[in-house]
>>> print(open('structure16.tsv').read())   # TSV, C-alpha atoms
chain	number	residue	atom	x	y	z
A	1	MET	CA	38.37	-43.03	40.25
A	2	LYS	CA	41.16	-40.69	41.30
A	3	LEU	CA	40.80	-41.06	45.08
A	4	LEU	CA	40.94	-44.85	44.80
A	5	GLU	CA	43.97	-44.84	42.51
A	6	GLU	CA	45.81	-42.57	44.92
A	7	LYS	CA	45.02	-44.92	47.80
A	8	ILE	CA	46.25	-47.90	45.80
A	9	ILE	CA	49.49	-46.11	44.89
A	10	ASN	CA	50.09	-44.94	48.46
A	11	GLU	CA	49.03	-48.04	50.39
A	12	GLY	CA	48.93	-50.99	47.99
A	13	LYS	CA	51.61	-53.65	48.39
A	14	VAL	CA	52.83	-55.82	45.54
A	15	TYR	CA	53.87	-59.37	46.37
A	16	PRO	CA	55.52	-62.10	44.30
A	17	GLY	CA	53.07	-63.96	42.09
A	18	ASP	CA	51.53	-60.75	40.74
A	19	ILE	CA	49.54	-60.18	43.92
A	20	LEU	CA	48.33	-56.73	44.94
A	21	LYS	CA	47.28	-56.38	48.57
A	22	ILE	CA	45.15	-53.46	49.63
A	23	ASP	CA	44.48	-54.60	53.16
A	24	SER	CA	44.77	-51.14	54.70
A	25	PHE	CA	41.54	-49.81	53.18
A	26	LEU	CA	39.61	-52.54	51.35
A	27	ASN	CA	40.33	-56.17	52.23
A	28	HIS	CA	41.01	-56.17	55.97
A	29	GLN	CA	40.77	-52.64	57.32
A	30	ILE	CA	38.16	-50.60	55.48
A	31	ASP	CA	38.26	-46.86	54.89
A	32	THR	CA	34.57	-46.13	55.34
A	33	ILE	CA	34.71	-42.70	53.72
A	34	LEU	CA	36.32	-44.15	50.61
A	35	MET	CA	33.78	-46.98	50.70
A	36	ASP	CA	30.95	-44.47	50.57
A	37	GLU	CA	32.59	-42.78	47.58
A	38	ILE	CA	32.81	-46.19	45.88
A	39	GLY	CA	29.08	-46.65	46.34
A	40	LYS	CA	28.41	-43.17	44.98
A	41	GLU	CA	30.59	-43.83	41.95
A	42	PHE	CA	28.80	-47.10	41.13
A	43	LYS	CA	25.53	-45.18	41.28
A	44	ARG	CA	26.93	-42.67	38.78
A	45	LEU	CA	28.16	-45.44	36.47
A	46	PHE	CA	24.95	-47.50	36.69
A	47	SER	CA	22.57	-44.56	37.05
A	48	GLU	CA	20.10	-46.09	34.58
A	49	CYS	CA	19.76	-49.27	36.66
A	50	LYS	CA	17.06	-50.06	39.15
A	51	PRO	CA	18.32	-53.19	40.90
A	52	ASP	CA	16.00	-55.26	43.06
A	53	LYS	CA	19.10	-56.56	44.81
A	54	ILE	CA	22.83	-56.10	44.82
A	55	LEU	CA	24.70	-59.40	44.69
A	56	THR	CA	28.25	-59.93	45.88
A	57	ILE	CA	30.45	-62.58	47.44
A	58	GLU	CA	31.87	-62.80	50.95
A	59	ALA	CA	33.87	-61.36	52.57
A	60	SER	CA	35.23	-58.12	51.12
A	61	GLY	CA	32.32	-57.70	48.73
A	62	ILE	CA	29.88	-57.19	51.59
A	63	ALA	CA	31.04	-53.69	52.50
A	64	ILE	CA	31.05	-52.69	48.82
A	65	ALA	CA	27.51	-53.98	48.34
A	66	LEU	CA	26.22	-52.20	51.45
A	67	ALA	CA	27.85	-48.90	50.47
A	68	THR	CA	26.40	-49.21	46.97
A	69	ALA	CA	22.88	-50.14	48.12
A	70	LYS	CA	22.67	-46.82	49.96
A	71	TYR	CA	22.68	-45.09	46.56
A	72	PHE	CA	20.18	-47.49	45.02
A	73	ASP	CA	17.19	-46.77	47.26
A	74	ASN	CA	18.56	-48.97	50.06
A	75	CYS	CA	17.76	-52.14	48.14
A	76	PRO	CA	18.65	-55.43	49.85
A	77	ILE	CA	22.06	-56.93	49.34
A	78	LEU	CA	22.81	-60.62	48.99
A	79	PHE	CA	26.21	-62.16	49.57
A	80	ALA	CA	27.14	-65.51	48.09
A	81	LYS	CA	28.87	-67.81	50.53
A	82	LYS	CA	32.12	-69.63	49.89
A	83	THR	CA	31.81	-73.07	51.33
A	84	LEU	CA	33.37	-76.46	51.26
A	85	ALA	CA	29.92	-78.01	51.61
A	86	ALA	CA	28.39	-80.19	48.94
A	87	ASN	CA	25.65	-78.99	46.65
A	88	SER	CA	22.13	-78.98	47.96
A	89	SER	CA	18.77	-78.70	46.32
A	90	ASP	CA	17.86	-75.43	47.99
A	91	ALA	CA	20.86	-73.49	46.70
A	92	TYR	CA	22.36	-72.36	43.42
A	93	THR	CA	26.03	-73.28	43.38
A	94	ALA	CA	29.07	-72.73	41.18
A	95	LYS	CA	32.75	-73.56	41.51
A	96	GLU	CA	35.35	-70.88	42.05
A	97	LYS	CA	39.09	-71.31	41.97
A	98	SER	CA	40.80	-68.62	44.04
A	99	TYR	CA	43.65	-66.93	42.20
A	100	THR	CA	45.45	-65.70	45.32
A	101	ARG	CA	45.00	-68.83	47.40
A	102	GLY	CA	45.06	-71.55	44.79
A	103	ASN	CA	42.18	-73.55	46.32
A	104	GLU	CA	38.68	-74.22	45.03
A	105	TYR	CA	35.40	-73.24	46.66
A	106	THR	CA	31.77	-73.90	46.10
A	107	VAL	CA	29.99	-70.57	45.82
A	108	ARG	CA	26.45	-70.77	47.08
A	109	VAL	CA	23.28	-68.65	47.10
A	110	ALA	CA	20.02	-69.89	48.62
A	111	LYS	CA	17.39	-70.21	45.91
A	112	GLU	CA	14.76	-68.34	47.87
A	113	TYR	CA	16.65	-65.04	47.58
A	114	LEU	CA	16.96	-64.98	43.79
A	115	LYS	CA	13.65	-64.99	41.94
A	116	GLU	CA	13.25	-65.33	38.19
A	117	ASN	CA	13.44	-61.94	36.46
A	118	ASP	CA	14.87	-60.14	39.50
A	119	ASN	CA	17.09	-57.25	38.39
A	120	ILE	CA	20.52	-57.84	39.86
A	121	LEU	CA	23.54	-55.57	40.03
A	122	ILE	CA	26.73	-57.47	40.88
A	123	VAL	CA	29.60	-55.81	42.75
A	124	ASP	CA	32.94	-57.20	43.87
A	125	ASP	CA	36.37	-56.09	45.00
A	126	PHE	CA	38.74	-57.64	42.44
A	127	LEU	CA	38.58	-58.82	38.85
A	128	ALA	CA	41.64	-60.62	37.49
A	129	ASN	CA	40.92	-63.97	35.88
A	130	GLY	CA	37.27	-63.48	36.65
A	131	GLU	CA	36.70	-66.63	38.64
A	132	ALA	CA	34.66	-65.03	41.44
A	133	LEU	CA	32.60	-62.93	39.07
A	134	ASN	CA	32.07	-65.93	36.78
A	135	SER	CA	30.66	-67.94	39.63
A	136	LEU	CA	28.19	-65.15	40.48
A	137	ILE	CA	27.16	-64.90	36.82
A	138	GLU	CA	26.73	-68.67	36.64
A	139	ILE	CA	24.45	-68.53	39.69
A	140	CYS	CA	22.47	-65.66	38.16
A	141	LYS	CA	21.95	-67.74	35.01
A	142	GLN	CA	20.72	-70.70	37.01
A	143	ALA	CA	18.28	-68.38	38.79
A	144	LYS	CA	17.17	-66.76	35.50
A	145	VAL	CA	17.60	-63.27	36.86
A	146	ASN	CA	18.51	-60.21	34.79
A	147	ILE	CA	22.09	-59.08	35.27
A	148	LEU	CA	22.10	-55.29	35.03
A	149	GLY	CA	25.87	-55.09	35.18
A	150	ALA	CA	28.94	-55.69	37.29
A	151	GLY	CA	30.76	-53.04	39.29
A	152	ILE	CA	34.34	-53.91	40.20
A	153	VAL	CA	36.56	-51.89	42.51
A	154	VAL	CA	39.96	-53.04	41.20
A	155	CYS	CA	40.54	-54.74	37.86
A	156	LYS	CA	43.74	-56.11	36.38
A	157	THR	CA	43.16	-55.33	32.73
A	158	TYR	CA	46.12	-57.42	31.57
A	159	GLN	CA	44.46	-60.60	32.81
A	160	PRO	CA	41.64	-62.26	30.89
A	161	GLY	CA	38.72	-61.77	33.29
A	162	LEU	CA	37.49	-58.40	32.11
A	163	GLU	CA	37.37	-59.33	28.42
A	164	ARG	CA	35.72	-62.68	29.17
A	165	ILE	CA	32.92	-61.02	31.11
A	166	LYS	CA	32.42	-58.31	28.48
A	167	LYS	CA	32.11	-61.01	25.79
A	168	LEU	CA	29.11	-62.34	27.69
A	169	GLY	CA	27.41	-59.03	26.91
A	170	ILE	CA	27.54	-57.84	30.50
A	171	LYS	CA	28.26	-54.19	31.23
A	172	VAL	CA	31.31	-54.03	33.50
A	173	GLU	CA	32.56	-50.88	35.22
A	174	CYS	CA	35.91	-50.88	37.03
A	175	LEU	CA	36.89	-48.06	39.36
A	176	ALA	CA	40.64	-48.68	39.14
A	177	LYS	CA	42.18	-50.43	36.14
A	178	ILE	CA	45.60	-51.82	36.75
A	179	LYS	CA	47.76	-52.16	33.65
A	180	SER	CA	50.80	-53.70	35.29
A	181	LEU	CA	52.43	-54.63	38.58
A	182	ASP	CA	55.82	-55.24	36.95
A	183	ASN	CA	58.91	-54.35	38.98
A	184	ASN	CA	56.73	-53.80	42.05
A	185	THR	CA	55.32	-50.69	40.40
A	186	ILE	CA	51.59	-50.18	40.16
A	187	SER	CA	50.52	-48.54	36.91
A	188	PHE	CA	47.01	-47.78	35.71
A	189	ASP	CA	45.27	-47.86	32.36
V	1	MET	CA	15.19	-53.19	69.48
V	2	LYS	CA	11.59	-53.63	68.46
V	3	LEU	CA	12.09	-53.61	64.67
V	4	LEU	CA	14.76	-56.29	64.94
V	5	GLU	CA	12.68	-58.51	67.23
V	6	GLU	CA	9.78	-58.30	64.81
V	7	LYS	CA	12.01	-59.33	61.92
V	8	ILE	CA	13.36	-62.26	63.92
V	9	ILE	CA	9.86	-63.40	64.83
V	10	ASN	CA	8.59	-63.03	61.26
V	11	GLU	CA	11.56	-64.37	59.32
V	12	GLY	CA	13.80	-66.30	61.70
V	13	LYS	CA	13.94	-70.08	61.29
V	14	VAL	CA	14.68	-72.46	64.12
V	15	TYR	CA	16.59	-75.65	63.29
V	16	PRO	CA	17.46	-78.72	65.34
V	17	GLY	CA	20.49	-78.21	67.54
V	18	ASP	CA	19.20	-74.91	68.91
V	19	ILE	CA	20.13	-73.05	65.74
V	20	LEU	CA	18.42	-69.80	64.74
V	21	LYS	CA	18.87	-68.78	61.12
V	22	ILE	CA	18.18	-65.23	60.06
V	23	ASP	CA	19.46	-65.50	56.53
V	24	SER	CA	16.72	-63.34	55.02
V	25	PHE	CA	17.95	-60.08	56.54
V	26	LEU	CA	21.28	-60.54	58.35
V	27	ASN	CA	23.45	-63.53	57.46
V	28	HIS	CA	22.96	-64.01	53.73
V	29	GLN	CA	20.56	-61.45	52.38
V	30	ILE	CA	20.84	-58.13	54.22
V	31	ASP	CA	18.04	-55.66	54.84
V	32	THR	CA	20.02	-52.47	54.39
V	33	ILE	CA	17.41	-50.24	56.03
V	34	LEU	CA	17.38	-52.42	59.14
V	35	MET	CA	21.18	-52.49	59.04
V	36	ASP	CA	21.26	-48.69	59.17
V	37	GLU	CA	18.92	-48.76	62.17
V	38	ILE	CA	21.26	-51.25	63.85
V	39	GLY	CA	24.16	-48.83	63.38
V	40	LYS	CA	22.05	-45.98	64.76
V	41	GLU	CA	21.06	-48.04	67.80
V	42	PHE	CA	24.67	-48.96	68.59
V	43	LYS	CA	25.49	-45.25	68.46
V	44	ARG	CA	22.72	-44.57	70.98
V	45	LEU	CA	23.90	-47.37	73.28
V	46	PHE	CA	27.58	-46.42	73.06
V	47	SER	CA	27.07	-42.67	72.72
V	48	GLU	CA	29.86	-41.92	75.19
V	49	CYS	CA	32.42	-43.84	73.09
V	50	LYS	CA	34.83	-42.38	70.61
V	51	PRO	CA	36.27	-45.43	68.84
V	52	ASP	CA	39.36	-45.12	66.69
V	53	LYS	CA	38.21	-48.28	64.92
V	54	ILE	CA	35.32	-50.70	64.90
V	55	LEU	CA	36.48	-54.32	65.02
V	56	THR	CA	34.43	-57.27	63.81
V	57	ILE	CA	34.88	-60.69	62.24
V	58	GLU	CA	34.06	-61.87	58.74
V	59	ALA	CA	31.64	-62.34	57.10
V	60	SER	CA	28.34	-61.13	58.56
V	61	GLY	CA	30.02	-58.72	60.96
V	62	ILE	CA	31.30	-56.58	58.11
V	63	ALA	CA	27.95	-55.03	57.22
V	64	ILE	CA	27.22	-54.38	60.90
V	65	ALA	CA	30.57	-52.66	61.38
V	66	LEU	CA	30.14	-50.50	58.28
V	67	ALA	CA	26.61	-49.47	59.26
V	68	THR	CA	27.85	-48.61	62.77
V	69	ALA	CA	30.92	-46.67	61.62
V	70	LYS	CA	28.63	-44.25	59.78
V	71	TYR	CA	27.36	-43.08	63.20
V	72	PHE	CA	30.83	-42.88	64.74
V	73	ASP	CA	32.33	-40.21	62.50
V	74	ASN	CA	33.00	-42.70	59.71
V	75	CYS	CA	35.86	-44.27	61.62
V	76	PRO	CA	37.68	-47.15	59.88
V	77	ILE	CA	36.45	-50.69	60.38
V	78	LEU	CA	38.64	-53.76	60.71
V	79	PHE	CA	37.44	-57.29	60.12
V	80	ALA	CA	39.27	-60.25	61.59
V	81	LYS	CA	39.77	-63.09	59.14
V	82	LYS	CA	38.91	-66.69	59.76
V	83	THR	CA	41.62	-68.80	58.31
V	84	LEU	CA	43.05	-72.27	58.36
V	85	ALA	CA	46.54	-70.80	58.01
V	86	ALA	CA	49.17	-71.18	60.68
V	87	ASN	CA	50.16	-68.35	62.98
V	88	SER	CA	52.58	-65.77	61.68
V	89	SER	CA	54.65	-63.09	63.34
V	90	ASP	CA	52.85	-60.20	61.67
V	91	ALA	CA	49.37	-61.10	62.96
V	92	TYR	CA	47.55	-61.44	66.24
V	93	THR	CA	45.71	-64.75	66.29
V	94	ALA	CA	43.24	-66.61	68.46
V	95	LYS	CA	41.36	-69.88	68.13
V	96	GLU	CA	37.62	-69.95	67.59
V	97	LYS	CA	35.37	-72.98	67.66
V	98	SER	CA	32.25	-72.41	65.59
V	99	TYR	CA	29.08	-73.32	67.42
V	100	THR	CA	26.96	-73.81	64.31
V	101	ARG	CA	29.56	-75.62	62.21
V	102	GLY	CA	31.52	-77.51	64.82
V	103	ASN	CA	34.92	-76.74	63.30
V	104	GLU	CA	37.80	-74.65	64.59
V	105	TYR	CA	39.32	-71.58	62.97
V	106	THR	CA	42.27	-69.37	63.55
V	107	VAL	CA	41.05	-65.79	63.83
V	108	ARG	CA	43.59	-63.33	62.58
V	109	VAL	CA	44.21	-59.58	62.56
V	110	ALA	CA	47.32	-58.03	61.06
V	111	LYS	CA	49.35	-56.32	63.78
V	112	GLU	CA	49.79	-53.13	61.81
V	113	TYR	CA	46.07	-52.26	62.12
V	114	LEU	CA	45.81	-52.45	65.91
V	115	LYS	CA	48.09	-50.06	67.77
V	116	GLU	CA	48.61	-50.01	71.52
V	117	ASN	CA	46.00	-47.84	73.27
V	118	ASP	CA	43.71	-47.65	70.23
V	119	ASN	CA	40.09	-47.30	71.34
V	120	ILE	CA	38.18	-50.21	69.87
V	121	LEU	CA	34.46	-50.87	69.69
V	122	ILE	CA	33.68	-54.50	68.83
V	123	VAL	CA	30.50	-55.47	66.96
V	124	ASP	CA	29.25	-58.86	65.82
V	125	ASP	CA	26.09	-60.61	64.70
V	126	PHE	CA	25.62	-63.41	67.27
V	127	LEU	CA	26.60	-64.13	70.83
V	128	ALA	CA	25.84	-67.59	72.19
V	129	ASN	CA	28.79	-69.35	73.78
V	130	GLY	CA	30.90	-66.32	73.01
V	131	GLU	CA	33.60	-68.06	71.01
V	132	ALA	CA	33.81	-65.46	68.24
V	133	LEU	CA	33.68	-62.52	70.62
V	134	ASN	CA	36.23	-64.18	72.90
V	135	SER	CA	38.67	-64.52	70.03
V	136	LEU	CA	38.31	-60.81	69.20
V	137	ILE	CA	38.83	-59.88	72.86
V	138	GLU	CA	41.89	-62.15	73.03
V	139	ILE	CA	43.33	-60.37	69.98
V	140	CYS	CA	42.58	-56.97	71.53
V	141	LYS	CA	44.45	-58.01	74.66
V	142	GLN	CA	47.46	-59.13	72.64
V	143	ALA	CA	47.42	-55.76	70.88
V	144	LYS	CA	46.99	-53.86	74.19
V	145	VAL	CA	44.14	-51.77	72.84
V	146	ASN	CA	41.28	-50.36	74.94
V	147	ILE	CA	38.03	-52.22	74.44
V	148	LEU	CA	35.23	-49.65	74.71
V	149	GLY	CA	32.52	-52.28	74.53
V	150	ALA	CA	30.88	-54.95	72.42
V	151	GLY	CA	27.69	-54.45	70.42
V	152	ILE	CA	25.89	-57.66	69.52
V	153	VAL	CA	22.90	-57.91	67.21
V	154	VAL	CA	21.42	-61.17	68.51
V	155	CYS	CA	22.29	-62.76	71.84
V	156	LYS	CA	21.11	-66.06	73.30
V	157	THR	CA	20.94	-65.10	76.97
V	158	TYR	CA	20.46	-68.70	78.10
V	159	GLN	CA	23.92	-69.66	76.84
V	160	PRO	CA	27.04	-68.73	78.79
V	161	GLY	CA	28.69	-66.25	76.38
V	162	LEU	CA	27.04	-63.05	77.58
V	163	GLU	CA	27.82	-63.61	81.26
V	164	ARG	CA	31.38	-64.69	80.50
V	165	ILE	CA	32.09	-61.50	78.58
V	166	LYS	CA	30.46	-59.28	81.22
V	167	LYS	CA	32.63	-60.91	83.89
V	168	LEU	CA	35.64	-59.62	81.99
V	169	GLY	CA	34.38	-56.13	82.80
V	170	ILE	CA	33.43	-55.37	79.21
V	171	LYS	CA	30.25	-53.42	78.49
V	172	VAL	CA	28.05	-55.54	76.21
V	173	GLU	CA	24.90	-54.31	74.50
V	174	CYS	CA	22.61	-56.77	72.70
V	175	LEU	CA	19.88	-55.55	70.37
V	176	ALA	CA	17.77	-58.71	70.58
V	177	LYS	CA	18.02	-61.03	73.58
V	178	ILE	CA	16.70	-64.50	72.96
V	179	LYS	CA	15.48	-66.30	76.04
V	180	SER	CA	14.52	-69.56	74.39
V	181	LEU	CA	14.10	-71.41	71.09
V	182	ASP	CA	12.26	-74.29	72.71
V	183	ASN	CA	9.47	-75.94	70.69
V	184	ASN	CA	10.55	-73.96	67.63
V	185	THR	CA	9.23	-70.82	69.28
V	186	ILE	CA	11.41	-67.74	69.55
V	187	SER	CA	10.94	-65.85	72.79
V	188	PHE	CA	12.81	-62.76	74.01
V	189	ASP	CA	14.06	-61.55	77.36
>>> encode(input="structure16.tsv", output="structure tokens")
Amino acid sequence: MKLLEEKIINEGKVYPGDILKIDSFLNHQIDTILMDEIGKEFKRLFSECKPDKILTIEASGIAIALATAKYFDNCPILFAKKTLAANSSDAYTAKEKSYTRGNEYTVRVAKEYLKENDNILIVDDFLANGEALNSLIEICKQAKVNILGAGIVVCKTYQPGLERIKKLGIKVECLAKIKSLDNNTISFD
Amino acid sequence: MKLLEEKIINEGKVYPGDILKIDSFLNHQIDTILMDEIGKEFKRLFSECKPDKILTIEASGIAIALATAKYFDNCPILFAKKTLAANSSDAYTAKEKSYTRGNEYTVRVAKEYLKENDNILIVDDFLANGEALNSLIEICKQAKVNILGAGIVVCKTYQPGLERIKKLGIKVECLAKIKSLDNNTISFD
């Protein structure tokens, strides 16, 4: 997605530890025009899908899910919560280790909002090692819903997440594929 | 806002400790059609405002801000982060004590996204004691921006937050005003 790649080149900041920050338009401040284009692009890429719900994870995923839902008949969105709380019987939970922060969360979705055989489209901001996406997939499996696919805004293709998810037989579409952040230079696939 | 009050009556759950949960359409699952109506209603209530940015706080505020920005010329949105991290020189920070969870956060906005004299409209999901909104106002003051007003989806009018914020001279608009949750019954002002 050309517009997104240009934004990443112009405004993305590379930090030690292979970290890309795009806080000026995605993860802190949000460019709402770009966000609408992201939703439109996911609709184009998943045009055959008729999701009952769009699933994501707080916090940055929420805007992406809302922008995408607009193009899928205004279906409901559902955001998994990251919590330190223990498991409970009324929620599906999975563990997620954060790549950027190094700590571990419990990811949690209330059971009542995922019904067996629901058609679910997953969206999220980043895919690197795939921890966040894995936790959402794990929750979907527990809930026995149908995963229609996963739409990712920014993917680091040189890390194992993308291939791992594809091996599960899940269709993954990434709007910007980062090949390398070496020497503080952002290059795309 | 009639549609919102009906949803709260039909789907809201009252828990001990004076807690109202509206996880089925606002704080976990999101009704995207209702969310669009919320944005439209804030535009009506703040029609005289021309915000440079809409400021909110993660996580539930993000969808509200995005839905509202659509009706304010697709201005950027900015979500404050709740973090356990220490203060840093490149961020405005304020303390927030969570009413529902009992713990204390540092609320944080990177300085580069709030410029002196920016016109800021604040939106958030709940106003009870006003802790979250207070922290956003405190950050706005540090940044010397103009607060155009605060749009709140659900307000408990019997708790002190609303009056406290109004006394600061800030225009506050609440879409659903809850008068009481006594005896597990939700009643509106």
>>> interface_residues(input="structure16.tsv", of="chain A", to="chain V", cutoff="7 Å", atoms="only C-alpha atoms", output="list in words")
His28, Gln29, Ile30, Asp31, Thr32, Ile33, Glu58, Ala59, Ile62, Ala63, Leu66, Asn74, Cys75, Pro76, Ile77, Leu78 and Phe79 of chain A
>>> residues_around(input="structure16.tsv", residues="region 176-187 of chain A", least_positions_apart="3", cutoff="12 Å", atoms="all atoms listed in the file", output="ChimeraX atom specification")
/A:1-22,38,41,125-128,151-159,162,172-173
>>> axis_aligned_box(input="structure16.tsv", around="region 132-151 of chain V", padding_each_side="3 Å", output="JSON")
{"center_x": 37.6, "center_y": -57.6, "center_z": 71.6, "size_x": 25.8, "size_y": 21.8, "size_z": 12.7}
>>> atom_distance(input="structure16.tsv", atom1="CA of Cys174 (chain V)", atom2="CA of Ala150 (chain V)")
8.5 Å
>>> atom_distance(input="structure16.tsv", atom1="CA of Lys166 (chain V)", atom2="CA of Thr56 (chain V)")
18.0 Å
>>> atom_distance(input="structure16.tsv", atom1="CA of Asp90 (chain A)", atom2="CA of Asn117 (chain A)")
18.3 Å
>>> residues_near_point(input="structure16.tsv", point="(38.2, -50.9, 72.9)", cutoff="7 Å", atoms="only C-alpha atoms", output="list in words")
Asp118, Asn119, Ile120, Leu121, Val145, Asn146, Ile147, Leu148 and Gly149 of chain V
>>> residues_around(input="structure16.tsv", residues="Lys111 (chain V)", least_positions_apart="6", cutoff="10 Å", atoms="all atoms listed in the file", output="PyMOL selection string")
chain V and resi 89-93+139+142-143
>>> closest_residue(input="structure16.tsv", among="A:Asn134, A:Tyr105, A:Val123, A:Tyr71", to="Leu168 (chain A)", atoms="only C-alpha atoms")
A:Asn134
>>> decode(input="structure16.tsv", residues="region 9-30 of chain V", atoms="N, CA and C atoms", output="PDB file, in the first residue's frame")
ATOM      1  N   ILE V   9     -29.951   0.491  28.761  1.00  0.00           N
ATOM      2  CA  ILE V   9     -31.031  -0.183  29.488  1.00  0.00           C
ATOM      3  C   ILE V   9     -31.094  -1.666  29.098  1.00  0.00           C
ATOM      4  N   ASN V  10     -30.993  -1.935  27.811  1.00  0.00           N
ATOM      5  CA  ASN V  10     -31.165  -3.312  27.329  1.00  0.00           C
ATOM      6  C   ASN V  10     -29.953  -4.197  27.573  1.00  0.00           C
ATOM      7  N   GLU V  11     -28.755  -3.622  27.530  1.00  0.00           N
ATOM      8  CA  GLU V  11     -27.558  -4.462  27.545  1.00  0.00           C
ATOM      9  C   GLU V  11     -26.599  -4.166  28.691  1.00  0.00           C
ATOM     10  N   GLY V  12     -26.785  -3.040  29.367  1.00  0.00           N
ATOM     11  CA  GLY V  12     -25.885  -2.706  30.466  1.00  0.00           C
ATOM     12  C   GLY V  12     -26.062  -3.658  31.638  1.00  0.00           C
ATOM     13  N   LYS V  13     -24.953  -3.921  32.336  1.00  0.00           N
ATOM     14  CA  LYS V  13     -25.015  -4.804  33.511  1.00  0.00           C
ATOM     15  C   LYS V  13     -24.471  -4.048  34.715  1.00  0.00           C
ATOM     16  N   VAL V  14     -25.229  -4.106  35.794  1.00  0.00           N
ATOM     17  CA  VAL V  14     -24.812  -3.424  37.017  1.00  0.00           C
ATOM     18  C   VAL V  14     -24.164  -4.437  37.954  1.00  0.00           C
ATOM     19  N   TYR V  15     -22.974  -4.084  38.461  1.00  0.00           N
ATOM     20  CA  TYR V  15     -22.246  -4.962  39.374  1.00  0.00           C
ATOM     21  C   TYR V  15     -22.049  -4.274  40.719  1.00  0.00           C
ATOM     22  N   PRO V  16     -21.824  -5.074  41.748  1.00  0.00           N
ATOM     23  CA  PRO V  16     -21.569  -4.488  43.073  1.00  0.00           C
ATOM     24  C   PRO V  16     -20.425  -3.485  43.007  1.00  0.00           C
ATOM     25  N   GLY V  17     -20.522  -2.462  43.809  1.00  0.00           N
ATOM     26  CA  GLY V  17     -19.506  -1.417  43.812  1.00  0.00           C
ATOM     27  C   GLY V  17     -19.885  -0.301  42.861  1.00  0.00           C
ATOM     28  N   ASP V  18     -21.170  -0.249  42.504  1.00  0.00           N
ATOM     29  CA  ASP V  18     -21.683   0.827  41.653  1.00  0.00           C
ATOM     30  C   ASP V  18     -21.034   0.833  40.264  1.00  0.00           C
ATOM     31  N   ILE V  19     -20.796  -0.370  39.754  1.00  0.00           N
ATOM     32  CA  ILE V  19     -20.130  -0.488  38.453  1.00  0.00           C
ATOM     33  C   ILE V  19     -21.149  -0.833  37.372  1.00  0.00           C
ATOM     34  N   LEU V  20     -21.114  -0.067  36.288  1.00  0.00           N
ATOM     35  CA  LEU V  20     -21.944  -0.330  35.112  1.00  0.00           C
ATOM     36  C   LEU V  20     -21.039  -0.843  34.004  1.00  0.00           C
ATOM     37  N   LYS V  21     -21.340  -2.042  33.511  1.00  0.00           N
ATOM     38  CA  LYS V  21     -20.553  -2.581  32.403  1.00  0.00           C
ATOM     39  C   LYS V  21     -21.374  -2.522  31.129  1.00  0.00           C
ATOM     40  N   ILE V  22     -20.794  -1.955  30.098  1.00  0.00           N
ATOM     41  CA  ILE V  22     -21.451  -1.957  28.791  1.00  0.00           C
ATOM     42  C   ILE V  22     -20.470  -2.520  27.761  1.00  0.00           C
ATOM     43  N   ASP V  23     -20.086  -3.750  28.063  1.00  0.00           N
ATOM     44  CA  ASP V  23     -19.104  -4.462  27.252  1.00  0.00           C
ATOM     45  C   ASP V  23     -19.669  -4.966  25.933  1.00  0.00           C
ATOM     46  N   SER V  24     -20.982  -5.006  25.796  1.00  0.00           N
ATOM     47  CA  SER V  24     -21.553  -5.597  24.574  1.00  0.00           C
ATOM     48  C   SER V  24     -21.568  -4.625  23.405  1.00  0.00           C
ATOM     49  N   PHE V  25     -21.386  -3.321  23.688  1.00  0.00           N
ATOM     50  CA  PHE V  25     -21.409  -2.369  22.568  1.00  0.00           C
ATOM     51  C   PHE V  25     -20.424  -1.217  22.685  1.00  0.00           C
ATOM     52  N   LEU V  26     -19.704  -1.107  23.820  1.00  0.00           N
ATOM     53  CA  LEU V  26     -18.784   0.030  23.947  1.00  0.00           C
ATOM     54  C   LEU V  26     -17.383  -0.328  24.439  1.00  0.00           C
ATOM     55  N   ASN V  27     -17.281  -1.169  25.456  1.00  0.00           N
ATOM     56  CA  ASN V  27     -15.991  -1.366  26.108  1.00  0.00           C
ATOM     57  C   ASN V  27     -15.292  -2.696  25.831  1.00  0.00           C
ATOM     58  N   HIS V  28     -15.873  -3.494  24.955  1.00  0.00           N
ATOM     59  CA  HIS V  28     -15.198  -4.757  24.617  1.00  0.00           C
ATOM     60  C   HIS V  28     -15.623  -5.110  23.187  1.00  0.00           C
ATOM     61  N   GLN V  29     -16.882  -5.429  23.019  1.00  0.00           N
ATOM     62  CA  GLN V  29     -17.449  -5.447  21.678  1.00  0.00           C
ATOM     63  C   GLN V  29     -17.930  -4.019  21.387  1.00  0.00           C
ATOM     64  N   ILE V  30     -17.860  -3.625  20.130  1.00  0.00           N
ATOM     65  CA  ILE V  30     -18.301  -2.267  19.767  1.00  0.00           C
ATOM     66  C   ILE V  30     -19.338  -2.342  18.655  1.00  0.00           C
TER      67      ILE V  30
END
